[in-house]
>>> print(open('model-v6.pdb').read())   # PDB, C-alpha atoms
ATOM      1  CA  GLY W   1      22.531   3.964 -12.772
ATOM      2  CA  ASN W   2      19.301   2.161 -12.111
ATOM      3  CA  GLN W   3      17.635   3.169  -8.830
ATOM      4  CA  TYR W   4      16.394  -0.421  -8.460
ATOM      5  CA  ARG W   5      19.832  -2.059  -8.824
ATOM      6  CA  ASN W   6      20.524  -4.606  -6.079
ATOM      7  CA  SER W   7      22.240  -7.961  -5.696
ATOM      8  CA  VAL W   8      20.583 -11.072  -7.105
ATOM      9  CA  GLY W   9      20.201 -12.408  -3.544
ATOM     10  CA  TYR W  10      18.350  -9.306  -2.441
ATOM     11  CA  MET W  11      16.185  -9.367  -5.550
ATOM     12  CA  TRP W  12      15.312 -13.031  -4.983
ATOM     13  CA  GLN W  13      14.217 -12.426  -1.389
ATOM     14  CA  ALA W  14      12.070  -9.478  -2.521
ATOM     15  CA  GLU W  15      10.475 -11.650  -5.213
ATOM     16  CA  PHE W  16       9.976 -14.536  -2.770
ATOM     17  CA  ARG W  17       8.311 -12.257  -0.224
ATOM     18  CA  ALA W  18       6.170 -10.547  -2.873
ATOM     19  CA  TYR W  19       4.892 -13.676  -4.649
ATOM     20  CA  HIS W  20       6.134 -17.140  -3.690
ATOM     21  CA  ILE W  21       5.693 -17.041   0.090
ATOM     22  CA  TRP W  22       1.885 -16.907   0.045
ATOM     23  CA  THR W  23       1.549 -20.358  -1.545
ATOM     24  CA  HIS W  24       4.749 -21.959  -0.258
ATOM     25  CA  PRO W  25       4.110 -25.591   0.813
ATOM     26  CA  ALA W  26       5.596 -24.967   4.278
ATOM     27  CA  LEU W  27       2.750 -22.517   4.992
ATOM     28  CA  THR W  28      -0.104 -24.581   3.550
ATOM     29  CA  ASN W  29      -1.579 -25.452   6.954
ATOM     30  CA  TYR W  30      -1.439 -21.887   8.262
ATOM     31  CA  ARG W  31      -3.882 -19.050   7.826
ATOM     32  CA  TYR W  32      -1.921 -16.235   9.463
ATOM     33  CA  MET W  33       1.707 -15.256   9.079
ATOM     34  CA  MET W  34       3.632 -12.927  11.357
ATOM     35  CA  TRP W  35       6.640 -11.509   9.542
ATOM     36  CA  PHE W  36       9.686 -10.070  11.264
ATOM     37  CA  ASP W  37      12.800  -8.938   9.442
ATOM     38  CA  ALA W  38      15.990 -10.029  11.191
ATOM     39  CA  ASP W  39      16.566  -6.419  12.236
ATOM     40  CA  ALA W  40      12.970  -5.754  13.376
ATOM     41  CA  LEU W  41      13.199  -5.793  17.141
ATOM     42  CA  ILE W  42      10.213  -5.863  19.442
ATOM     43  CA  GLY W  43      10.339  -2.890  21.801
ATOM     44  CA  LYS W  44       8.101  -4.354  24.486
ATOM     45  CA  ALA W  45       5.954  -7.382  25.196
ATOM     46  CA  TRP W  46       2.354  -7.322  23.989
ATOM     47  CA  ASP W  47      -0.215  -6.825  26.704
ATOM     48  CA  ASP W  48      -1.858 -10.122  27.694
ATOM     49  CA  ASP W  49      -5.242  -8.905  26.481
ATOM     50  CA  VAL W  50      -3.920  -7.728  23.084
ATOM     51  CA  ASP W  51      -2.788 -10.835  21.255
ATOM     52  CA  PRO W  52      -2.290  -9.563  17.676
ATOM     53  CA  ILE W  53      -3.305 -12.860  16.053
ATOM     54  CA  ARG W  54      -6.522 -12.923  18.091
ATOM     55  CA  VAL W  55      -7.208  -9.330  16.984
ATOM     56  CA  MET W  56      -6.637 -10.353  13.327
ATOM     57  CA  ILE W  57      -9.127 -13.223  13.701
ATOM     58  CA  GLU W  58     -11.779 -11.327  15.661
ATOM     59  CA  ARG W  59     -11.735  -8.298  13.360
ATOM     60  CA  LYS W  60     -11.282 -10.348  10.165
ATOM     61  CA  LEU W  61      -8.319  -8.219   9.129
ATOM     62  CA  THR W  62      -6.271  -8.730   5.974
ATOM     63  CA  VAL W  63      -3.125  -7.120   7.333
ATOM     64  CA  MET W  64      -1.851  -5.598  10.562
ATOM     65  CA  TYR W  65       1.262  -3.497  10.170
ATOM     66  CA  SER W  66       3.828  -1.815  12.367
ATOM     67  CA  CYS W  67       4.532   1.240  10.247
ATOM     68  CA  TYR W  68       2.870   3.312   7.566
ATOM     69  CA  PRO W  69       3.854   5.093   5.447
ATOM     70  CA  TYR W  70       7.168   3.315   5.034
ATOM     71  CA  GLY W  71       7.983   4.703   1.623
ATOM     72  CA  THR W  72       6.408   5.658  -1.666
ATOM     73  CA  HIS W  73       6.053   3.738  -4.894
ATOM     74  CA  SER W  74       5.998   6.352  -7.626
ATOM     75  CA  ARG W  75       3.538   6.545 -10.471
ATOM     76  CA  ASP W  76       4.114   3.560 -12.713
ATOM     77  CA  GLU W  77       2.165   3.179 -15.929
ATOM     78  CA  GLU W  78       2.983  -0.526 -16.295
ATOM     79  CA  LEU W  79       1.818  -1.335 -12.756
ATOM     80  CA  GLY W  80      -1.392   0.578 -13.416
ATOM     81  CA  LYS W  81      -2.002  -1.538 -16.523
ATOM     82  CA  ILE W  82      -1.450  -4.750 -14.551
ATOM     83  CA  LEU W  83      -3.898  -3.640 -11.851
ATOM     84  CA  LYS W  84      -6.516  -2.743 -14.468
ATOM     85  CA  SER W  85      -6.077  -6.049 -16.305
ATOM     86  CA  VAL W  86      -6.763  -8.067 -13.146
ATOM     87  CA  TYR W  87      -9.192  -5.905 -11.162
ATOM     88  CA  ASN W  88     -11.932  -5.047 -13.663
ATOM     89  CA  ASN W  89     -10.292  -1.910 -15.076
ATOM     90  CA  ARG W  90      -9.612  -0.490 -11.578
ATOM     91  CA  THR W  91      -6.379   0.857 -10.157
ATOM     92  CA  ILE W  92      -5.189   2.618  -7.008
ATOM     93  CA  CYS W  93      -4.911   6.353  -7.419
ATOM     94  CA  GLY W  94      -4.318   7.342  -3.821
ATOM     95  CA  VAL W  95      -4.534   6.485  -0.138
ATOM     96  CA  ILE W  96      -6.764   7.925   2.550
ATOM     97  CA  GLN W  97      -5.504   7.766   6.141
ATOM     98  CA  THR W  98      -7.766   8.415   9.137
ATOM     99  CA  LYS W  99      -6.938  11.370  11.370
ATOM    100  CA  ASP W 100      -5.935   9.054  14.212
ATOM    101  CA  GLU W 101      -3.559   7.313  11.733
ATOM    102  CA  LYS W 102      -4.888   3.858  12.692
ATOM    103  CA  HIS W 103      -6.552   2.972   9.387
ATOM    104  CA  ILE W 104      -5.724   3.390   5.722
ATOM    105  CA  TYR W 105      -8.064   3.037   2.763
ATOM    106  CA  PRO W 106      -7.428   2.932  -0.960
ATOM    107  CA  LYS W 107      -8.801   5.447  -3.387
ATOM    108  CA  ILE W 108      -9.817   3.215  -6.292
ATOM    109  CA  CYS W 109     -10.373   4.694  -9.726
ATOM    110  CA  LYS W 110     -10.334   3.984 -13.439
ATOM    111  CA  GLU W 111      -7.691   6.615 -14.137
ATOM    112  CA  ASP W 112      -3.948   6.125 -14.012
ATOM    113  CA  TYR W 113      -2.168   4.533 -11.094
ATOM    114  CA  GLY W 114      -1.045   7.223  -8.652
ATOM    115  CA  LYS W 115       1.641   7.474  -6.019
ATOM    116  CA  LEU W 116       1.304   4.709  -3.456
ATOM    117  CA  ARG W 117       2.547   5.072   0.086
ATOM    118  CA  VAL W 118       3.368   1.555   1.236
ATOM    119  CA  ILE W 119       3.113  -0.518   4.399
ATOM    120  CA  GLY W 120       6.483  -1.283   5.989
ATOM    121  CA  GLY W 121       7.747  -4.758   5.173
ATOM    122  CA  ASN W 122       9.841  -5.231   8.294
ATOM    123  CA  HIS W 123       6.967  -6.385  10.527
ATOM    124  CA  HIS W 124       3.415  -7.258   9.572
ATOM    125  CA  ILE W 125       0.791  -9.925  10.110
ATOM    126  CA  THR W 126      -1.161 -11.139   7.102
ATOM    127  CA  ASP W 127      -4.153 -13.350   6.433
ATOM    128  CA  LEU W 128      -2.610 -15.846   4.029
ATOM    129  CA  ASN W 129      -6.019 -16.913   2.707
ATOM    130  CA  VAL W 130      -6.525 -13.442   1.255
ATOM    131  CA  PHE W 131      -3.142 -13.443  -0.469
ATOM    132  CA  ARG W 132      -3.831 -16.957  -1.829
ATOM    133  CA  LYS W 133      -7.051 -15.947  -3.602
ATOM    134  CA  ASP W 134      -6.926 -16.572  -7.337
ATOM    135  CA  ILE W 135      -7.499 -12.929  -8.280
ATOM    136  CA  HIS W 136      -4.639 -11.711  -6.084
ATOM    137  CA  GLN W 137      -2.342 -14.504  -7.239
ATOM    138  CA  ARG W 138      -3.050 -13.454 -10.851
ATOM    139  CA  PHE W 139      -2.025  -9.903  -9.989
ATOM    140  CA  LEU W 140       1.096 -10.982  -8.101
ATOM    141  CA  LYS W 141       2.178 -13.310 -10.899
ATOM    142  CA  LYS W 142       1.896 -10.532 -13.491
ATOM    143  CA  PHE W 143       3.495  -7.990 -11.156
ATOM    144  CA  VAL W 144       6.436 -10.104 -10.016
ATOM    145  CA  LEU W 145       7.110 -12.555 -12.834
ATOM    146  CA  GLY W 146       6.114 -10.266 -15.716
ATOM    147  CA  ASN W 147       7.994  -7.108 -16.557
ATOM    148  CA  PHE W 148       9.389  -6.743 -13.037
ATOM    149  CA  HIS W 149      11.008 -10.195 -12.658
ATOM    150  CA  PHE W 150      14.132  -9.711 -10.485
ATOM    151  CA  ASP W 151      13.469  -5.982 -10.522
ATOM    152  CA  ARG W 152      13.285  -4.067  -7.257
ATOM    153  CA  LYS W 153       9.926  -2.697  -8.394
ATOM    154  CA  ALA W 154       8.528  -6.152  -7.546
ATOM    155  CA  ASP W 155       8.790  -5.260  -3.906
ATOM    156  CA  ASP W 156       7.181  -7.139  -1.030
ATOM    157  CA  GLN W 157       6.023  -3.859   0.535
ATOM    158  CA  VAL W 158       4.225  -2.877  -2.659
ATOM    159  CA  ALA W 159       2.718  -6.377  -2.945
ATOM    160  CA  VAL W 160       1.433  -6.439   0.656
ATOM    161  CA  THR W 161      -0.023  -2.948   0.306
ATOM    162  CA  ILE W 162      -1.704  -3.473  -3.070
ATOM    163  CA  ILE W 163      -3.263  -6.836  -2.173
ATOM    164  CA  SER W 164      -4.562  -5.440   1.119
ATOM    165  CA  PHE W 165      -6.090  -2.434  -0.645
ATOM    166  CA  MET W 166      -7.596  -4.379  -3.515
ATOM    167  CA  GLU W 167      -9.074  -6.950  -1.121
ATOM    168  CA  GLN W 168     -10.725  -4.106   0.784
ATOM    169  CA  TYR W 169     -12.112  -2.788  -2.493
ATOM    170  CA  LEU W 170     -13.395  -6.230  -3.530
ATOM    171  CA  GLN W 171     -15.091  -6.817  -0.165
ATOM    172  CA  ASN W 172     -16.995  -3.572  -0.537
ATOM    173  CA  GLN W 173     -17.947  -3.791  -4.222
ATOM    174  CA  ASP W 174     -20.014  -5.997  -6.461
ATOM    175  CA  TYR W 175     -17.074  -7.271  -8.484
TER     176      TYR W 175
END
>>> encode(input="model-v6.pdb", output="structure tokens")
Amino acid sequence: GNQYRNSVGYMWQAEFRAYHIWTHPALTNYRYMMWFDADALIGKAWDDDVDPIRVMIERKLTVMYSCYPYGTHSRDEELGKILKSVYNNRTICGVIQTKDEKHIYPKICKEDYGKLRVIGGNHHITDLNVFRKDIHQRFLKKFVLGNFHFDRKADDQVAVTIISFMEQYLQNQDY
């Protein structure tokens, strides 16, 4: 069987969370989105001086996540081609994590797409303006609605991770 086989309902929610949510009209007036899965329970209240949205704004973060690595997206030649077609012949060939495990950085290269350890999709905060950028929307459209339409490969965790990494690359490069 196909390792990505799931119900149409599950596939639709994965596609919605990977592509459609970022530009959904209900979120037009918002810059930040805090996502909780129905089964993602908060273990304790945030400290008064550590409001996660304030931290996102002050530090100009693209994403704040609750768990990493959450899983691995295996080498995928087609995904590598999509990345290269959108991001000036660049792809993600690895991930670097700091020793304190508080920060992750992409290893960007011109070679083939490598294994990608992904950010957990059950709870994260994202800067919607980043995910709405034309370049990232072009990638997401090709990724989700292209060869992976209603395919579990078009996963929201992969989408959140790739956009966050490629935005970091773009901010630090002369694109």
>>> axis_aligned_box(input="model-v6.pdb", around="region 135-142 of chain W", padding_each_side="5 Å", output="AutoDock Vina command-line options")
--center_x -2.7 --center_y -12.2 --center_z -9.8 --size_x 19.7 --size_y 14.6 --size_z 17.4
>>> closest_residue(input="model-v6.pdb", among="W:His20, W:Lys110, W:Lys44, W:His136", to="Ile92 (chain W)", atoms="only C-alpha atoms")
W:Lys110
>>> atom_distance(input="model-v6.pdb", atom1="CA of Ile57 (chain W)", atom2="CA of Met166 (chain W)")
19.4 Å
>>> closest_residue(input="model-v6.pdb", among="W:Phe16, W:Tyr32, W:Tyr113, W:Tyr87", to="Leu61 (chain W)", atoms="all atoms listed in the file")
W:Tyr32
>>> closest_residue(input="model-v6.pdb", among="W:Arg117, W:Arg90, W:Lys99, W:Arg59", to="His73 (chain W)", atoms="all atoms listed in the file")
W:Arg117
>>> resolve_selection(input="model-v6.pdb", expression="the PyMOL selection byres ((chain W and resi 140) around 9)", output="PyMOL selection string")
chain W and resi 18-19+135-139+141-145+154+159+163
>>> closest_residue(input="model-v6.pdb", among="W:Asn88, W:Gln157, W:Thr23, W:Asn29", to="His123 (chain W)", atoms="only C-alpha atoms")
W:Gln157
>>> residues_around(input="model-v6.pdb", residues="region 107-109 of chain W", least_positions_apart="4", cutoff="8 Å", atoms="only C-alpha atoms", output="ChimeraX atom specification")
/W:90-96,169
>>> resolve_selection(input="model-v6.pdb", expression="the PyMOL selection byres ((chain W and resi 63) around 8)", output="list in words")
Met56, Leu61, Thr62, Met64, Tyr65, His124, Ile125, Thr126, Asp127 and Ser164 of chain W
>>> residues_around(input="model-v6.pdb", residues="Ser74 (chain W)", least_positions_apart="4", cutoff="8 Å", atoms="only C-alpha atoms", output="MDAnalysis selection string")
chainID W and resid 114:116
>>> resolve_selection(input="model-v6.pdb", expression="the PyMOL selection byres ((chain W and resi 122) around 7)", output="ChimeraX atom specification")
/W:36-37,40,120-121,123-124
>>> write_last_selection(input="model-v6.pdb", atoms="C-alpha atoms", output="CSV table (one decimal), in the frame of the given file")
chain,number,residue,atom,x,y,z
W,36,PHE,CA,9.7,-10.1,11.3
W,37,ASP,CA,12.8,-8.9,9.4
W,40,ALA,CA,13.0,-5.8,13.4
W,120,GLY,CA,6.5,-1.3,6.0
W,121,GLY,CA,7.7,-4.8,5.2
W,123,HIS,CA,7.0,-6.4,10.5
W,124,HIS,CA,3.4,-7.3,9.6
>>> build_atoms(input="model-v6.pdb", residues="region 45-71 of chain W", atoms="N, CA, C and O atoms", output="CSV table (one decimal), keeping the file's coordinate frame")
chain,number,residue,atom,x,y,z
W,45,ALA,N,6.9,-6.2,25.3
W,45,ALA,CA,6.0,-7.4,25.2
W,45,ALA,C,4.5,-6.9,24.9
W,45,ALA,O,4.1,-5.8,25.4
W,46,TRP,N,3.8,-7.7,24.2
W,46,TRP,CA,2.4,-7.3,24.0
W,46,TRP,C,1.6,-7.5,25.3
W,46,TRP,O,1.9,-8.4,26.1
W,47,ASP,N,0.6,-6.7,25.5
W,47,ASP,CA,-0.2,-6.8,26.7
W,47,ASP,C,-0.9,-8.2,26.6
W,47,ASP,O,-1.3,-8.6,25.5
W,48,ASP,N,-1.2,-8.8,27.7
W,48,ASP,CA,-1.9,-10.1,27.7
W,48,ASP,C,-3.2,-10.1,27.0
W,48,ASP,O,-3.6,-11.1,26.3
W,49,ASP,N,-3.9,-9.0,27.1
W,49,ASP,CA,-5.2,-8.9,26.5
W,49,ASP,C,-5.2,-8.4,25.0
W,49,ASP,O,-6.3,-8.2,24.4
W,50,VAL,N,-4.0,-8.2,24.5
W,50,VAL,CA,-3.9,-7.7,23.1
W,50,VAL,C,-3.0,-8.7,22.3
W,50,VAL,O,-2.0,-8.3,21.8
W,51,ASP,N,-3.5,-9.9,22.1
W,51,ASP,CA,-2.8,-10.8,21.3
W,51,ASP,C,-3.1,-10.4,19.8
W,51,ASP,O,-4.2,-10.4,19.4
W,52,PRO,N,-2.0,-10.1,19.0
W,52,PRO,CA,-2.3,-9.6,17.7
W,52,PRO,C,-2.9,-10.6,16.7
W,52,PRO,O,-3.7,-10.2,15.9
W,53,ILE,N,-2.7,-11.8,16.9
W,53,ILE,CA,-3.3,-12.9,16.1
W,53,ILE,C,-4.8,-13.0,16.4
W,53,ILE,O,-5.6,-13.0,15.5
W,54,ARG,N,-5.1,-12.9,17.7
W,54,ARG,CA,-6.5,-12.9,18.1
W,54,ARG,C,-7.3,-11.7,17.5
W,54,ARG,O,-8.4,-11.8,17.0
W,55,VAL,N,-6.6,-10.5,17.6
W,55,VAL,CA,-7.2,-9.3,17.0
W,55,VAL,C,-7.4,-9.5,15.5
W,55,VAL,O,-8.5,-9.1,15.0
W,56,MET,N,-6.5,-10.1,14.8
W,56,MET,CA,-6.6,-10.4,13.3
W,56,MET,C,-7.9,-11.2,13.1
W,56,MET,O,-8.7,-10.9,12.2
W,57,ILE,N,-8.0,-12.3,13.9
W,57,ILE,CA,-9.1,-13.2,13.7
W,57,ILE,C,-10.5,-12.6,14.0
W,57,ILE,O,-11.4,-12.6,13.3
W,58,GLU,N,-10.5,-11.9,15.2
W,58,GLU,CA,-11.8,-11.3,15.7
W,58,GLU,C,-12.3,-10.2,14.7
W,58,GLU,O,-13.5,-10.1,14.5
W,59,ARG,N,-11.3,-9.4,14.2
W,59,ARG,CA,-11.7,-8.3,13.4
W,59,ARG,C,-11.7,-8.6,11.9
W,59,ARG,O,-12.0,-7.8,11.0
W,60,LYS,N,-11.3,-9.9,11.6
W,60,LYS,CA,-11.3,-10.3,10.2
W,60,LYS,C,-10.4,-9.4,9.3
W,60,LYS,O,-10.8,-9.0,8.2
W,61,LEU,N,-9.2,-9.1,9.8
W,61,LEU,CA,-8.3,-8.2,9.1
W,61,LEU,C,-7.5,-8.9,8.0
W,61,LEU,O,-7.2,-10.1,8.2
W,62,THR,N,-7.1,-8.2,7.0
W,62,THR,CA,-6.3,-8.7,6.0
W,62,THR,C,-4.8,-8.6,6.4
W,62,THR,O,-4.0,-9.4,6.2
W,63,VAL,N,-4.5,-7.4,7.0
W,63,VAL,CA,-3.1,-7.1,7.3
W,63,VAL,C,-3.1,-6.2,8.6
W,63,VAL,O,-4.0,-5.4,8.8
W,64,MET,N,-2.1,-6.5,9.4
W,64,MET,CA,-1.9,-5.6,10.6
W,64,MET,C,-0.4,-5.2,10.4
W,64,MET,O,0.5,-6.1,10.2
W,65,TYR,N,-0.1,-4.0,10.5
W,65,TYR,CA,1.3,-3.5,10.2
W,65,TYR,C,1.8,-2.7,11.3
W,65,TYR,O,1.1,-2.1,12.1
W,66,SER,N,3.2,-2.6,11.3
W,66,SER,CA,3.8,-1.8,12.4
W,66,SER,C,4.1,-0.4,11.9
W,66,SER,O,4.3,0.5,12.8
W,67,CYS,N,4.2,-0.1,10.6
W,67,CYS,CA,4.5,1.2,10.2
W,67,CYS,C,3.9,1.6,8.9
W,67,CYS,O,3.9,0.7,8.0
W,68,TYR,N,3.4,2.8,8.8
W,68,TYR,CA,2.9,3.3,7.6
W,68,TYR,C,2.9,4.8,7.7
W,68,TYR,O,2.6,5.3,8.7
W,69,PRO,N,3.3,5.6,6.7
W,69,PRO,CA,3.9,5.1,5.4
W,69,PRO,C,5.3,4.8,5.6
W,69,PRO,O,6.0,5.4,6.4
W,70,TYR,N,5.8,3.8,4.9
W,70,TYR,CA,7.2,3.3,5.0
W,70,TYR,C,8.0,3.8,3.9
W,70,TYR,O,9.2,3.9,3.9
W,71,GLY,N,7.3,4.2,2.8
W,71,GLY,CA,8.0,4.7,1.6
W,71,GLY,C,6.9,4.9,0.6
W,71,GLY,O,5.7,4.8,0.8
